[in-house]
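Structure file my_file08.txt with compact mmCIF, C-alpha atoms:
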```
# COMPACT_ATOMS: atom_id res chain seq x y z
CA MET A 1 0.00 0.00 0.00
CA GLN A 2 1.18 3.50 -0.81
CA TYR A 3 0.57 6.43 1.55
CA ARG A 4 0.19 10.07 0.64
CA THR A 5 -0.28 13.34 2.49
CA LEU A 6 -3.87 14.55 2.47
CA GLY A 7 -3.49 17.97 0.92
CA ARG A 8 -1.54 20.21 3.29
CA THR A 9 -2.88 18.63 6.50
CA GLY A 10 0.13 16.43 7.22
CA VAL A 11 -2.20 13.44 7.65
CA GLN A 12 -1.02 10.29 5.86
CA VAL A 13 -3.74 8.34 4.07
CA SER A 14 -3.65 5.15 2.02
CA SER A 15 -3.79 5.52 -1.77
CA LEU A 16 -6.80 3.21 -1.74
CA ALA A 17 -9.45 4.25 0.77
CA LEU A 18 -12.48 2.21 1.79
CA GLY A 19 -15.78 3.70 0.67
CA ALA A 20 -18.81 2.50 2.63
CA MET A 21 -21.71 3.29 0.30
CA ASN A 22 -22.42 -0.42 -0.22
CA PHE A 23 -22.66 -1.13 3.50
CA GLY A 24 -26.21 -1.89 4.55
CA THR A 25 -29.39 -1.91 2.51
CA ILE A 26 -27.88 -0.45 -0.68
CA GLY A 27 -25.37 -3.26 -1.03
CA ARG A 28 -27.43 -5.87 0.83
CA THR A 29 -24.54 -6.44 3.25
CA THR A 30 -24.81 -7.69 6.83
CA GLN A 31 -22.82 -6.45 9.82
CA ASP A 32 -20.67 -9.59 9.77
CA GLU A 33 -19.85 -9.02 6.10
CA VAL A 34 -19.04 -5.36 6.69
CA THR A 35 -16.79 -6.19 9.64
CA ALA A 36 -14.96 -8.80 7.56
CA ILE A 37 -14.41 -6.27 4.76
CA VAL A 38 -13.15 -3.62 7.19
CA ASP A 39 -10.87 -6.15 8.92
CA ALA A 40 -9.35 -7.28 5.62
CA ALA A 41 -8.92 -3.73 4.36
CA ILE A 42 -7.13 -2.59 7.52
CA GLU A 43 -4.93 -5.70 7.49
CA SER A 44 -3.93 -4.83 3.91
CA GLY A 45 -2.88 -1.31 4.89
CA VAL A 46 -6.01 0.74 4.23
CA ASN A 47 -6.21 3.39 6.94
CA THR A 48 -8.99 5.63 5.59
CA ILE A 49 -12.74 4.92 5.65
CA ASP A 50 -15.30 7.21 4.02
CA THR A 51 -19.04 7.01 4.64
CA ALA A 52 -22.02 9.40 4.67
CA ASP A 53 -25.19 9.99 6.64
CA VAL A 54 -27.35 9.26 3.62
CA TYR A 55 -25.88 5.85 2.83
CA SER A 56 -28.70 3.40 3.56
CA GLY A 57 -30.33 6.05 5.72
CA GLY A 58 -27.59 6.05 8.36
CA GLU A 59 -27.11 2.28 8.41
CA SER A 60 -23.68 2.51 6.79
CA GLU A 61 -22.41 4.79 9.56
CA GLU A 62 -23.75 2.43 12.20
CA MET A 63 -22.04 -0.55 10.58
CA VAL A 64 -18.74 1.29 10.16
CA GLY A 65 -18.87 2.33 13.80
CA LYS A 66 -19.31 -1.25 14.98
CA ALA A 67 -16.60 -2.52 12.62
CA ILE A 68 -13.93 -0.06 13.85
CA ALA A 69 -14.79 -0.27 17.55
CA GLY A 70 -11.63 -0.54 19.62
CA ARG A 71 -9.32 0.79 16.91
CA ARG A 72 -10.76 4.24 16.20
CA ASP A 73 -7.42 6.00 16.60
CA ASP A 74 -5.86 3.94 13.82
CA ILE A 75 -8.45 5.08 11.26
CA VAL A 76 -8.78 8.32 9.33
CA LEU A 77 -12.57 8.47 9.51
CA ALA A 78 -14.59 10.58 7.08
CA THR A 79 -18.30 11.15 6.65
CA LYS A 80 -20.55 13.53 4.76
CA ALA A 81 -23.79 15.50 5.07
CA SER A 82 -26.16 17.71 3.04
CA LEU A 83 -28.17 15.26 0.93
CA PRO A 84 -31.78 14.75 2.10
CA MET A 85 -32.31 12.62 5.20
CA GLY A 86 -36.03 12.00 4.93
CA GLY A 87 -38.85 14.21 3.71
CA GLU A 88 -38.61 17.11 6.19
CA ARG A 89 -37.52 20.18 4.23
CA ASN A 90 -34.81 21.27 6.70
CA HIS A 91 -33.26 17.83 7.08
CA ARG A 92 -30.85 18.52 4.24
CA GLY A 93 -28.52 21.17 2.90
CA SER A 94 -25.54 22.91 4.47
CA SER A 95 -27.12 25.42 6.83
CA ARG A 96 -25.65 25.86 10.30
CA ARG A 97 -28.90 24.49 11.75
CA TRP A 98 -28.71 21.23 9.85
CA LEU A 99 -24.95 20.59 9.91
CA ILE A 100 -24.71 20.91 13.69
CA THR A 101 -27.75 18.69 14.20
CA GLU A 102 -26.71 16.06 11.66
CA LEU A 103 -23.09 15.83 12.77
CA ASP A 104 -24.31 14.89 16.25
CA SER A 105 -26.47 12.20 14.65
CA SER A 106 -23.53 10.90 12.62
CA LEU A 107 -21.29 10.79 15.70
CA ARG A 108 -23.97 8.85 17.54
CA ARG A 109 -24.38 6.35 14.70
CA LEU A 110 -20.60 5.94 14.36
CA GLY A 111 -20.12 5.62 18.11
CA VAL A 112 -17.28 8.17 18.17
CA ASP A 113 -16.72 11.62 19.63
CA HIS A 114 -15.24 13.14 16.46
CA VAL A 115 -14.61 12.50 12.78
CA ASP A 116 -11.36 13.33 11.07
CA LEU A 117 -12.94 14.70 7.89
CA TYR A 118 -16.46 16.13 7.56
CA GLN A 119 -17.53 16.77 3.97
CA ILE A 120 -20.36 18.70 2.35
CA HIS A 121 -21.78 15.97 0.12
CA ARG A 122 -23.06 18.35 -2.56
CA TRP A 123 -22.99 22.10 -3.00
CA ASP A 124 -26.15 23.67 -1.59
CA PRO A 125 -27.05 26.68 -3.77
CA SER A 126 -29.55 27.96 -1.18
CA THR A 127 -26.89 28.44 1.52
CA SER A 128 -24.05 30.96 1.50
CA ASP A 129 -20.45 29.86 1.77
CA GLU A 130 -20.07 32.09 4.84
CA GLU A 131 -22.93 30.29 6.62
CA THR A 132 -21.56 26.84 5.90
CA LEU A 133 -17.89 27.60 6.55
CA SER A 134 -18.74 29.41 9.79
CA ALA A 135 -20.62 26.36 11.08
CA LEU A 136 -17.83 24.00 10.04
CA THR A 137 -15.19 26.23 11.64
CA ASP A 138 -17.13 26.19 14.91
CA LEU A 139 -17.54 22.41 14.78
CA ARG A 140 -13.79 22.12 14.32
CA SER A 141 -13.15 24.46 17.27
CA ALA A 142 -15.51 22.31 19.35
CA GLY A 143 -13.35 19.26 18.59
CA LYS A 144 -16.11 17.36 16.82
CA ILE A 145 -14.27 17.41 13.48
CA ARG A 146 -10.60 17.75 12.67
CA TYR A 147 -10.89 18.95 9.07
CA PHE A 148 -13.64 19.68 6.58
CA GLY A 149 -13.95 19.30 2.83
CA SER A 150 -16.28 19.41 -0.14
CA SER A 151 -17.62 16.67 -2.37
CA THR A 152 -18.54 16.93 -6.05
CA PHE A 153 -18.32 20.71 -6.11
CA PRO A 154 -18.02 22.41 -9.51
CA ALA A 155 -14.61 24.01 -9.93
CA TYR A 156 -15.95 27.56 -9.69
CA ARG A 157 -17.63 26.72 -6.36
CA ILE A 158 -14.35 25.37 -4.98
CA VAL A 159 -12.71 28.67 -5.90
CA GLN A 160 -15.57 30.71 -4.42
CA ALA A 161 -15.44 28.80 -1.14
CA GLN A 162 -11.70 29.36 -0.83
CA SER A 163 -12.24 33.07 -1.45
CA ALA A 164 -15.04 33.24 1.13
CA ALA A 165 -12.86 31.57 3.74
CA ARG A 166 -10.17 34.20 3.27
CA GLU A 167 -12.61 37.11 3.16
CA HIS A 168 -14.42 36.14 6.36
CA HIS A 169 -11.39 34.69 8.20
CA LEU A 170 -12.92 31.22 8.44
CA GLY A 171 -11.55 27.72 8.12
CA ARG A 172 -11.31 26.44 4.56
CA TYR A 173 -12.09 23.22 2.78
CA VAL A 174 -8.92 21.12 2.73
CA THR A 175 -10.22 18.31 0.53
CA GLU A 176 -12.47 17.72 -2.47
CA GLN A 177 -14.13 14.44 -3.42
CA PRO A 178 -14.88 14.38 -7.17
CA GLY A 179 -16.10 11.62 -9.43
CA TYR A 180 -13.23 10.51 -11.68
CA SER A 181 -12.47 7.47 -13.80
CA ILE A 182 -11.09 6.53 -17.20
CA LEU A 183 -14.61 6.81 -18.62
CA GLN A 184 -15.42 10.10 -16.88
CA ARG A 185 -12.37 12.34 -17.21
CA GLY A 186 -14.06 15.74 -17.10
CA ALA A 187 -12.53 16.50 -13.70
CA GLU A 188 -9.17 16.84 -15.44
CA SER A 189 -10.36 19.96 -17.26
CA HIS A 190 -11.37 22.12 -14.31
CA VAL A 191 -11.67 20.48 -10.89
CA LEU A 192 -8.27 18.81 -10.58
CA PRO A 193 -6.29 21.90 -11.73
CA VAL A 194 -8.15 23.92 -9.09
CA THR A 195 -7.48 21.41 -6.32
CA GLU A 196 -3.79 21.46 -7.23
CA GLN A 197 -3.76 25.26 -7.16
CA TYR A 198 -5.25 25.36 -3.64
CA GLY A 199 -3.37 22.35 -2.28
CA LEU A 200 -6.48 20.29 -1.60
CA GLY A 201 -6.40 16.59 -0.89
CA VAL A 202 -8.46 14.66 -3.45
CA LEU A 203 -10.44 11.51 -2.64
CA VAL A 204 -11.84 10.16 -5.90
CA TRP A 205 -15.21 8.40 -5.96
CA SER A 206 -16.39 5.89 -8.58
CA PRO A 207 -12.93 5.12 -10.01
CA LEU A 208 -14.45 1.92 -11.46
CA ALA A 209 -17.22 3.93 -13.14
CA SER A 210 -20.12 2.28 -11.29
CA GLY A 211 -18.74 -1.15 -12.17
CA TRP A 212 -18.09 -0.56 -15.87
CA LEU A 213 -14.36 -1.00 -15.21
CA SER A 214 -14.69 -3.96 -12.85
CA GLY A 215 -14.41 -6.58 -15.59
CA ALA A 216 -17.99 -7.72 -14.97
CA ILE A 217 -19.45 -5.74 -17.87
CA ARG A 218 -18.29 -6.95 -21.27
CA ALA A 219 -19.72 -7.23 -24.76
CA GLY A 220 -22.03 -10.18 -25.25
CA ARG A 221 -22.75 -10.63 -21.55
CA ASP A 222 -25.87 -9.82 -19.59
CA VAL A 223 -25.30 -7.03 -17.08
CA THR A 224 -26.07 -8.44 -13.64
CA THR A 225 -24.20 -6.10 -11.30
CA ASN A 226 -25.87 -4.85 -8.12
CA ARG A 227 -25.75 -1.27 -9.38
CA SER A 228 -27.58 -2.18 -12.59
CA THR A 229 -30.58 -3.42 -10.61
CA PHE A 230 -31.45 0.04 -9.30
CA MET A 231 -29.87 2.22 -12.03
CA PRO A 232 -30.76 0.28 -15.21
CA GLN A 233 -30.65 3.36 -17.43
CA ARG A 234 -26.91 3.64 -16.84
CA PHE A 235 -26.30 0.18 -18.26
CA ASP A 236 -28.73 0.00 -21.19
CA THR A 237 -26.48 -0.29 -24.24
CA ASP A 238 -29.28 0.98 -26.51
CA ILE A 239 -28.38 4.37 -25.05
CA PRO A 240 -25.49 5.82 -27.13
CA SER A 241 -23.41 6.95 -24.15
CA ASN A 242 -23.58 3.46 -22.64
CA GLN A 243 -22.57 1.88 -25.92
CA ALA A 244 -19.62 4.30 -26.04
CA LYS A 245 -18.62 3.13 -22.57
CA LEU A 246 -18.87 -0.52 -23.59
CA ASP A 247 -16.74 0.09 -26.69
CA ALA A 248 -14.12 1.82 -24.55
CA VAL A 249 -14.16 -1.01 -21.99
CA GLU A 250 -13.45 -3.59 -24.70
CA ARG A 251 -10.45 -1.58 -25.93
CA LEU A 252 -9.24 -0.91 -22.38
CA ALA A 253 -9.45 -4.64 -21.57
CA LYS A 254 -6.98 -5.30 -24.39
CA VAL A 255 -4.60 -2.67 -23.01
CA ALA A 256 -4.83 -4.28 -19.58
CA ASP A 257 -4.21 -7.79 -20.97
CA GLU A 258 -1.14 -6.63 -22.89
CA ALA A 259 0.21 -4.96 -19.73
CA GLY A 260 -0.41 -8.09 -17.63
CA LEU A 261 -3.02 -6.32 -15.52
CA THR A 262 -6.66 -6.79 -14.63
CA LEU A 263 -9.09 -4.14 -15.78
CA ILE A 264 -9.49 -3.12 -12.13
CA GLN A 265 -5.75 -2.63 -11.75
CA LEU A 266 -5.72 -0.53 -14.92
CA ALA A 267 -8.63 1.61 -13.72
CA LEU A 268 -7.34 2.22 -10.19
CA GLY A 269 -3.75 2.65 -11.35
CA PHE A 270 -4.96 5.29 -13.79
CA VAL A 271 -6.70 7.54 -11.26
CA THR A 272 -4.00 7.24 -8.61
CA ALA A 273 -1.38 8.17 -11.22
CA HIS A 274 -2.78 11.69 -11.54
CA PRO A 275 -0.62 14.06 -9.46
CA ALA A 276 -3.69 15.80 -8.04
CA VAL A 277 -5.24 12.59 -6.68
CA THR A 278 -4.52 11.54 -3.11
CA SER A 279 -6.66 8.40 -2.81
CA ALA A 280 -9.14 6.37 -4.82
CA LEU A 281 -12.24 5.29 -2.93
CA ILE A 282 -13.04 1.62 -3.49
CA GLY A 283 -16.55 0.50 -2.61
CA PRO A 284 -16.56 -3.31 -2.31
CA ARG A 285 -19.78 -5.16 -1.59
CA THR A 286 -18.08 -8.49 -0.89
CA LEU A 287 -14.70 -9.76 0.28
CA ASP A 288 -13.97 -10.98 -3.25
CA HIS A 289 -14.60 -7.49 -4.57
CA LEU A 290 -12.27 -6.06 -1.93
CA HIS A 291 -9.40 -8.43 -2.72
CA SER A 292 -9.68 -7.80 -6.46
CA GLN A 293 -9.47 -4.06 -5.82
CA LEU A 294 -6.68 -4.23 -3.25
CA ALA A 295 -4.61 -6.03 -5.90
CA ALA A 296 -4.19 -2.57 -7.44
CA ALA A 297 -2.64 -1.05 -4.30
CA ASP A 298 0.88 -0.99 -5.74
CA THR A 299 0.00 -0.75 -9.43
CA VAL A 300 2.10 1.78 -11.30
CA LEU A 301 1.19 2.30 -14.95
CA SER A 302 3.92 2.95 -17.49
CA ALA A 303 3.83 5.98 -19.76
CA ASP A 304 3.02 3.71 -22.71
CA VAL A 305 -0.04 2.32 -20.93
CA LEU A 306 -1.22 5.80 -19.92
CA ASP A 307 -0.76 6.96 -23.52
CA ALA A 308 -2.82 3.99 -24.72
CA ILE A 309 -5.62 4.99 -22.33
CA ASP A 310 -5.49 8.57 -23.63
CA ALA A 311 -5.96 7.23 -27.16
CA ILE A 312 -9.17 5.47 -26.11
CA VAL A 313 -10.71 8.18 -23.92
CA ALA A 314 -9.22 11.61 -24.52
CA PRO A 315 -8.06 13.64 -21.50
CA GLY A 316 -10.81 15.80 -20.03
CA THR A 317 -13.58 13.82 -21.76
CA ASP A 318 -16.73 12.45 -20.12
CA LEU A 319 -18.28 9.61 -22.09
CA ALA A 320 -21.55 10.20 -20.21
CA ALA A 321 -21.58 13.91 -19.42
CA HIS A 322 -25.26 13.78 -18.38
CA GLU A 323 -24.33 11.49 -15.47
CA LYS A 324 -22.08 14.05 -13.81
CA SER A 325 -23.10 15.15 -10.33
CA ASP A 326 -21.46 18.57 -10.35
CA THR A 327 -23.43 20.09 -13.21
CA PRO A 328 -24.47 23.70 -12.44
CA PRO A 329 -28.17 23.76 -11.45
CA ALA A 330 -29.08 26.15 -14.29
CA LEU A 331 -28.15 23.48 -16.84
CA LEU A 332 -30.65 21.07 -15.29
CA ASP A 333 -33.54 23.42 -14.45
CA PRO A 334 -34.71 25.65 -17.32
CA ALA A 335 -36.32 28.07 -14.84
CA LEU A 336 -32.89 29.01 -13.52
CA ARG A 337 -31.65 30.18 -16.92
CA ARG A 338 -34.64 32.31 -17.91
CA ARG A 339 -35.76 35.69 -16.66
```

Transcribe the structure of this file into structure tokens.
Amino acid sequence: MQYRTLGRTGVQVSSLALGAMNFGTIGRTTQDEVTAIVDAAIESGVNTIDTADVYSGGESEEMVGKAIAGRRDDIVLATKASLPMGGERNHRGSSRRWLITELDSSLRRLGVDHVDLYQIHRWDPSTSDEETLSALTDLRSAGKIRYFGSSTFPAYRIVQAQSAAREHHLGRYVTEQPGYSILQRGAESHVLPVTEQYGLGVLVWSPLASGWLSGAIRAGRDVTTNRSTFMPQRFDTDIPSNQAKLDAVERLAKVADEAGLTLIQLALGFVTAHPAVTSALIGPRTLDHLHSQLAAADTVLSADVLDAIDAIVAPGTDLAAHEKSDTPPALLDPALRRR
């Protein structure tokens, strides 16, 4: 396992971090299975675990808390808030009211007195940066969080938040968590250059592109992954963008074979090769998934292999741009771009 400094914090984190989205109802995993995954990950050198309040409605946090009991100080523990937690209109967003309330709920579910990294899961356009950063700064001063970061923020919002922190003399985001994979390379155009400029740590989510780069999705095979059962539109090859992904996967599989690598090793080695990336978040649902992903822990891709990847999916290109989660709201809601 490789270790890297998380931005400018001085904290050392593993280049592969354990993402907990599949823990609980979403991934149909039991506590025993989660504990086994966490045990194996830690034994292999993973020292960073990332979850969120919204994952399986808080169940993921509860399972992570039970799995790390007795070894909390050995783990860099991260969670997130801002996505809706139920139907109540104020149980979401990044207002001071909600963040303070929901962090206490997350700490209770995790069974800890603080988290190392607290992240705003998505930018909340209804809340000012000053409001959010002020609340996060106070939570840090109270000892409930050590650092705070953003997740899936558009590049211009990362810049604006850094500016607001300076202007109002508040703590700043020290990390960003963007979606990034061989098939979705748009982050290279704007987000990653900005994170490098501001010295942010970068924890990449979906480096296997929702399973497209796991080796389980190939031409001529039925798609039977867990993700495809509740997001079928992202795997229907009658949709042009999905067919483009499948074509790229077939070409990438050949590159991996010629390099003596699995497709997973190629995919994870690609994202961790970018100088802006600190860690890639792996989200195993089973022990077999975990071991196949941990096999990429020390993968270093040669320049020839990276050039071959560039020839298949050009730098800065998203093969499914409509699937991005950091699209400015005005591009999704016509009312926001009309007077």

- Task: Could you jot down the atom CA of Ile282 of chain A to atom CA of Ile49 of chain A separation for me, Å, one decimal place?
- Result: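 Atom CA of Ile282 of chain A sits 9.7 Å away from atom CA of Ile49 of chain A.
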
- Enter the distance from atom CA of Ser325 of chain A to atom CA of Leu306 of chain A, in Å, rounded to one decimal.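 Here the two named atoms are 25.7 Å from each other.
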
- Nearest to Leu183 of chain A by atom-to-atom distance, counting all atoms listed in the file, from A:Leu281, A:Leu77, A:Leu332, A:Leu319: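 The shortest atom-to-atom distance to Leu183 of chain A comes from A:Leu319.
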
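Here the question is which of A:Gly179, A:Gly215, A:Pro84, A:Gly220 gets nearest to Lys254 of chain A using all atoms listed in the file, and that residue is A:Gly215.
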
- From A:Met231, A:Val194, A:Met1, A:Ala67, residue lying nearest Ser44 of chain A [all atoms listed in the file]: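 Smallest distance to Ser44 of chain A is found for A:Met1.
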
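Minimum atom-to-atom distance to Ala276 of chain A, evaluated using all atoms listed in the file, belongs to A:Gln177 out of A:Gln177, A:Ser56, A:Asn22, A:Thr152.
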
List every protein, DNA or RNA residue that has at least one atom no more than 12 Å from (-7.9, 4.8, 10.7) in the file's coordinates, counting all atoms listed in the file, and write the result as a short mmCIF file (atom, residue, chain, number, x, y, z; two decimals) with C-alpha atoms, keeping the file's coordinate frame.
```
data_model
loop_
_atom_site.label_atom_id
_atom_site.label_comp_id
_atom_site.auth_asym_id
_atom_site.auth_seq_id
_atom_site.Cartn_x
_atom_site.Cartn_y
_atom_site.Cartn_z
CA VAL A 11 -2.20 13.44 7.65
CA GLN A 12 -1.02 10.29 5.86
CA VAL A 13 -3.74 8.34 4.07
CA SER A 14 -3.65 5.15 2.02
CA ALA A 17 -9.45 4.25 0.77
CA LEU A 18 -12.48 2.21 1.79
CA VAL A 38 -13.15 -3.62 7.19
CA ASP A 39 -10.87 -6.15 8.92
CA ALA A 41 -8.92 -3.73 4.36
CA ILE A 42 -7.13 -2.59 7.52
CA GLU A 43 -4.93 -5.70 7.49
CA GLY A 45 -2.88 -1.31 4.89
CA VAL A 46 -6.01 0.74 4.23
CA ASN A 47 -6.21 3.39 6.94
CA THR A 48 -8.99 5.63 5.59
CA ILE A 49 -12.74 4.92 5.65
CA ASP A 50 -15.30 7.21 4.02
CA VAL A 64 -18.74 1.29 10.16
CA GLY A 65 -18.87 2.33 13.80
CA ALA A 67 -16.60 -2.52 12.62
CA ILE A 68 -13.93 -0.06 13.85
CA ALA A 69 -14.79 -0.27 17.55
CA GLY A 70 -11.63 -0.54 19.62
CA ARG A 71 -9.32 0.79 16.91
CA ARG A 72 -10.76 4.24 16.20
CA ASP A 73 -7.42 6.00 16.60
CA ASP A 74 -5.86 3.94 13.82
CA ILE A 75 -8.45 5.08 11.26
CA VAL A 76 -8.78 8.32 9.33
CA LEU A 77 -12.57 8.47 9.51
CA ALA A 78 -14.59 10.58 7.08
CA VAL A 115 -14.61 12.50 12.78
CA ASP A 116 -11.36 13.33 11.07
CA LEU A 117 -12.94 14.70 7.89
#
```

- Item | Gap from atom CA of Ile37 of chain A to atom CA of Leu287 of chain A - Å, one decimal | 5.7 Å

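The nearest approach to Gln31 of chain A among the residues A:Met63, A:Leu246, A:Ala155, A:Ala81, with all atoms listed in the file taken into account, belongs to A:Met63.
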
- Query: Counting all atoms listed in the file, what is within 10 Å of Leu136 of chain A, bar same-chain residues fewer than 5 positions away, as a PyMOL selection string?
  - Reply: chain A and resi 94-96+99-100+118-120+130-131+141-142+144-149+170-173

- Counting only C-alpha atoms, the residue of A:Ser302, A:Ser60, A:Thr79, A:Thr51 that sits nearest Gly260 of chain A: A:Ser302

Please fill the gaps in segment 186-204 of chain A so it has N, CA, C and O atoms, and write that as a PDB file, keeping the file's coordinate frame.
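rebuild_24.pdb, freshly written:
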```
ATOM      1  N   GLY A 186     -13.807  14.299 -17.082  1.00  0.00           N
ATOM      2  CA  GLY A 186     -14.060  15.740 -17.100  1.00  0.00           C
ATOM      3  C   GLY A 186     -13.388  16.494 -15.971  1.00  0.00           C
ATOM      4  O   GLY A 186     -13.053  17.671 -16.130  1.00  0.00           O
ATOM      5  N   ALA A 187     -13.171  15.830 -14.838  1.00  0.00           N
ATOM      6  CA  ALA A 187     -12.530  16.500 -13.700  1.00  0.00           C
ATOM      7  C   ALA A 187     -11.144  17.013 -14.047  1.00  0.00           C
ATOM      8  O   ALA A 187     -10.652  17.963 -13.417  1.00  0.00           O
ATOM      9  N   GLU A 188     -10.517  16.409 -15.047  1.00  0.00           N
ATOM     10  CA  GLU A 188      -9.170  16.840 -15.440  1.00  0.00           C
ATOM     11  C   GLU A 188      -9.172  18.250 -16.037  1.00  0.00           C
ATOM     12  O   GLU A 188      -8.145  18.933 -16.016  1.00  0.00           O
ATOM     13  N   SER A 189     -10.308  18.661 -16.579  1.00  0.00           N
ATOM     14  CA  SER A 189     -10.360  19.960 -17.260  1.00  0.00           C
ATOM     15  C   SER A 189     -10.421  21.134 -16.299  1.00  0.00           C
ATOM     16  O   SER A 189      -9.822  22.177 -16.563  1.00  0.00           O
ATOM     17  N   HIS A 190     -11.141  20.981 -15.191  1.00  0.00           N
ATOM     18  CA  HIS A 190     -11.370  22.120 -14.310  1.00  0.00           C
ATOM     19  C   HIS A 190     -11.120  21.815 -12.835  1.00  0.00           C
ATOM     20  O   HIS A 190     -10.387  22.537 -12.162  1.00  0.00           O
ATOM     21  N   VAL A 191     -11.726  20.739 -12.326  1.00  0.00           N
ATOM     22  CA  VAL A 191     -11.670  20.480 -10.890  1.00  0.00           C
ATOM     23  C   VAL A 191     -10.261  20.160 -10.420  1.00  0.00           C
ATOM     24  O   VAL A 191      -9.768  20.749  -9.441  1.00  0.00           O
ATOM     25  N   LEU A 192      -9.587  19.222 -11.066  1.00  0.00           N
ATOM     26  CA  LEU A 192      -8.270  18.810 -10.580  1.00  0.00           C
ATOM     27  C   LEU A 192      -7.229  19.938 -10.679  1.00  0.00           C
ATOM     28  O   LEU A 192      -6.414  20.093  -9.760  1.00  0.00           O
ATOM     29  N   PRO A 193      -7.213  20.757 -11.746  1.00  0.00           N
ATOM     30  CA  PRO A 193      -6.290  21.900 -11.730  1.00  0.00           C
ATOM     31  C   PRO A 193      -6.545  22.854 -10.571  1.00  0.00           C
ATOM     32  O   PRO A 193      -5.604  23.404  -9.980  1.00  0.00           O
ATOM     33  N   VAL A 194      -7.829  23.033 -10.202  1.00  0.00           N
ATOM     34  CA  VAL A 194      -8.150  23.920  -9.090  1.00  0.00           C
ATOM     35  C   VAL A 194      -7.705  23.318  -7.759  1.00  0.00           C
ATOM     36  O   VAL A 194      -7.157  24.016  -6.895  1.00  0.00           O
ATOM     37  N   THR A 195      -7.911  22.024  -7.584  1.00  0.00           N
ATOM     38  CA  THR A 195      -7.480  21.410  -6.320  1.00  0.00           C
ATOM     39  C   THR A 195      -5.967  21.470  -6.181  1.00  0.00           C
ATOM     40  O   THR A 195      -5.447  21.652  -5.069  1.00  0.00           O
ATOM     41  N   GLU A 196      -5.262  21.329  -7.288  1.00  0.00           N
ATOM     42  CA  GLU A 196      -3.790  21.460  -7.230  1.00  0.00           C
ATOM     43  C   GLU A 196      -3.408  22.885  -6.853  1.00  0.00           C
ATOM     44  O   GLU A 196      -2.489  23.100  -6.048  1.00  0.00           O
ATOM     45  N   GLN A 197      -4.083  23.860  -7.431  1.00  0.00           N
ATOM     46  CA  GLN A 197      -3.760  25.260  -7.160  1.00  0.00           C
ATOM     47  C   GLN A 197      -3.922  25.591  -5.677  1.00  0.00           C
ATOM     48  O   GLN A 197      -3.110  26.328  -5.096  1.00  0.00           O
ATOM     49  N   TYR A 198      -4.963  25.038  -5.035  1.00  0.00           N
ATOM     50  CA  TYR A 198      -5.250  25.360  -3.640  1.00  0.00           C
ATOM     51  C   TYR A 198      -4.693  24.327  -2.665  1.00  0.00           C
ATOM     52  O   TYR A 198      -4.911  24.450  -1.457  1.00  0.00           O
ATOM     53  N   GLY A 199      -3.989  23.339  -3.164  1.00  0.00           N
ATOM     54  CA  GLY A 199      -3.370  22.350  -2.280  1.00  0.00           C
ATOM     55  C   GLY A 199      -4.357  21.466  -1.564  1.00  0.00           C
ATOM     56  O   GLY A 199      -4.119  21.074  -0.410  1.00  0.00           O
ATOM     57  N   LEU A 200      -5.465  21.133  -2.223  1.00  0.00           N
ATOM     58  CA  LEU A 200      -6.480  20.290  -1.600  1.00  0.00           C
ATOM     59  C   LEU A 200      -6.143  18.814  -1.761  1.00  0.00           C
ATOM     60  O   LEU A 200      -5.643  18.386  -2.802  1.00  0.00           O
ATOM     61  N   GLY A 201      -6.448  18.031  -0.732  1.00  0.00           N
ATOM     62  CA  GLY A 201      -6.400  16.590  -0.890  1.00  0.00           C
ATOM     63  C   GLY A 201      -7.584  16.159  -1.747  1.00  0.00           C
ATOM     64  O   GLY A 201      -8.655  16.781  -1.698  1.00  0.00           O
ATOM     65  N   VAL A 202      -7.406  15.107  -2.540  1.00  0.00           N
ATOM     66  CA  VAL A 202      -8.460  14.660  -3.450  1.00  0.00           C
ATOM     67  C   VAL A 202      -8.737  13.182  -3.225  1.00  0.00           C
ATOM     68  O   VAL A 202      -7.852  12.336  -3.393  1.00  0.00           O
ATOM     69  N   LEU A 203      -9.975  12.878  -2.830  1.00  0.00           N
ATOM     70  CA  LEU A 203     -10.440  11.510  -2.640  1.00  0.00           C
ATOM     71  C   LEU A 203     -11.435  11.210  -3.753  1.00  0.00           C
ATOM     72  O   LEU A 203     -12.543  11.743  -3.762  1.00  0.00           O
ATOM     73  N   VAL A 204     -11.048  10.387  -4.684  1.00  0.00           N
ATOM     74  CA  VAL A 204     -11.840  10.160  -5.900  1.00  0.00           C
ATOM     75  C   VAL A 204     -12.910   9.104  -5.666  1.00  0.00           C
ATOM     76  O   VAL A 204     -12.609   8.012  -5.189  1.00  0.00           O
TER      77      VAL A 204
END
```
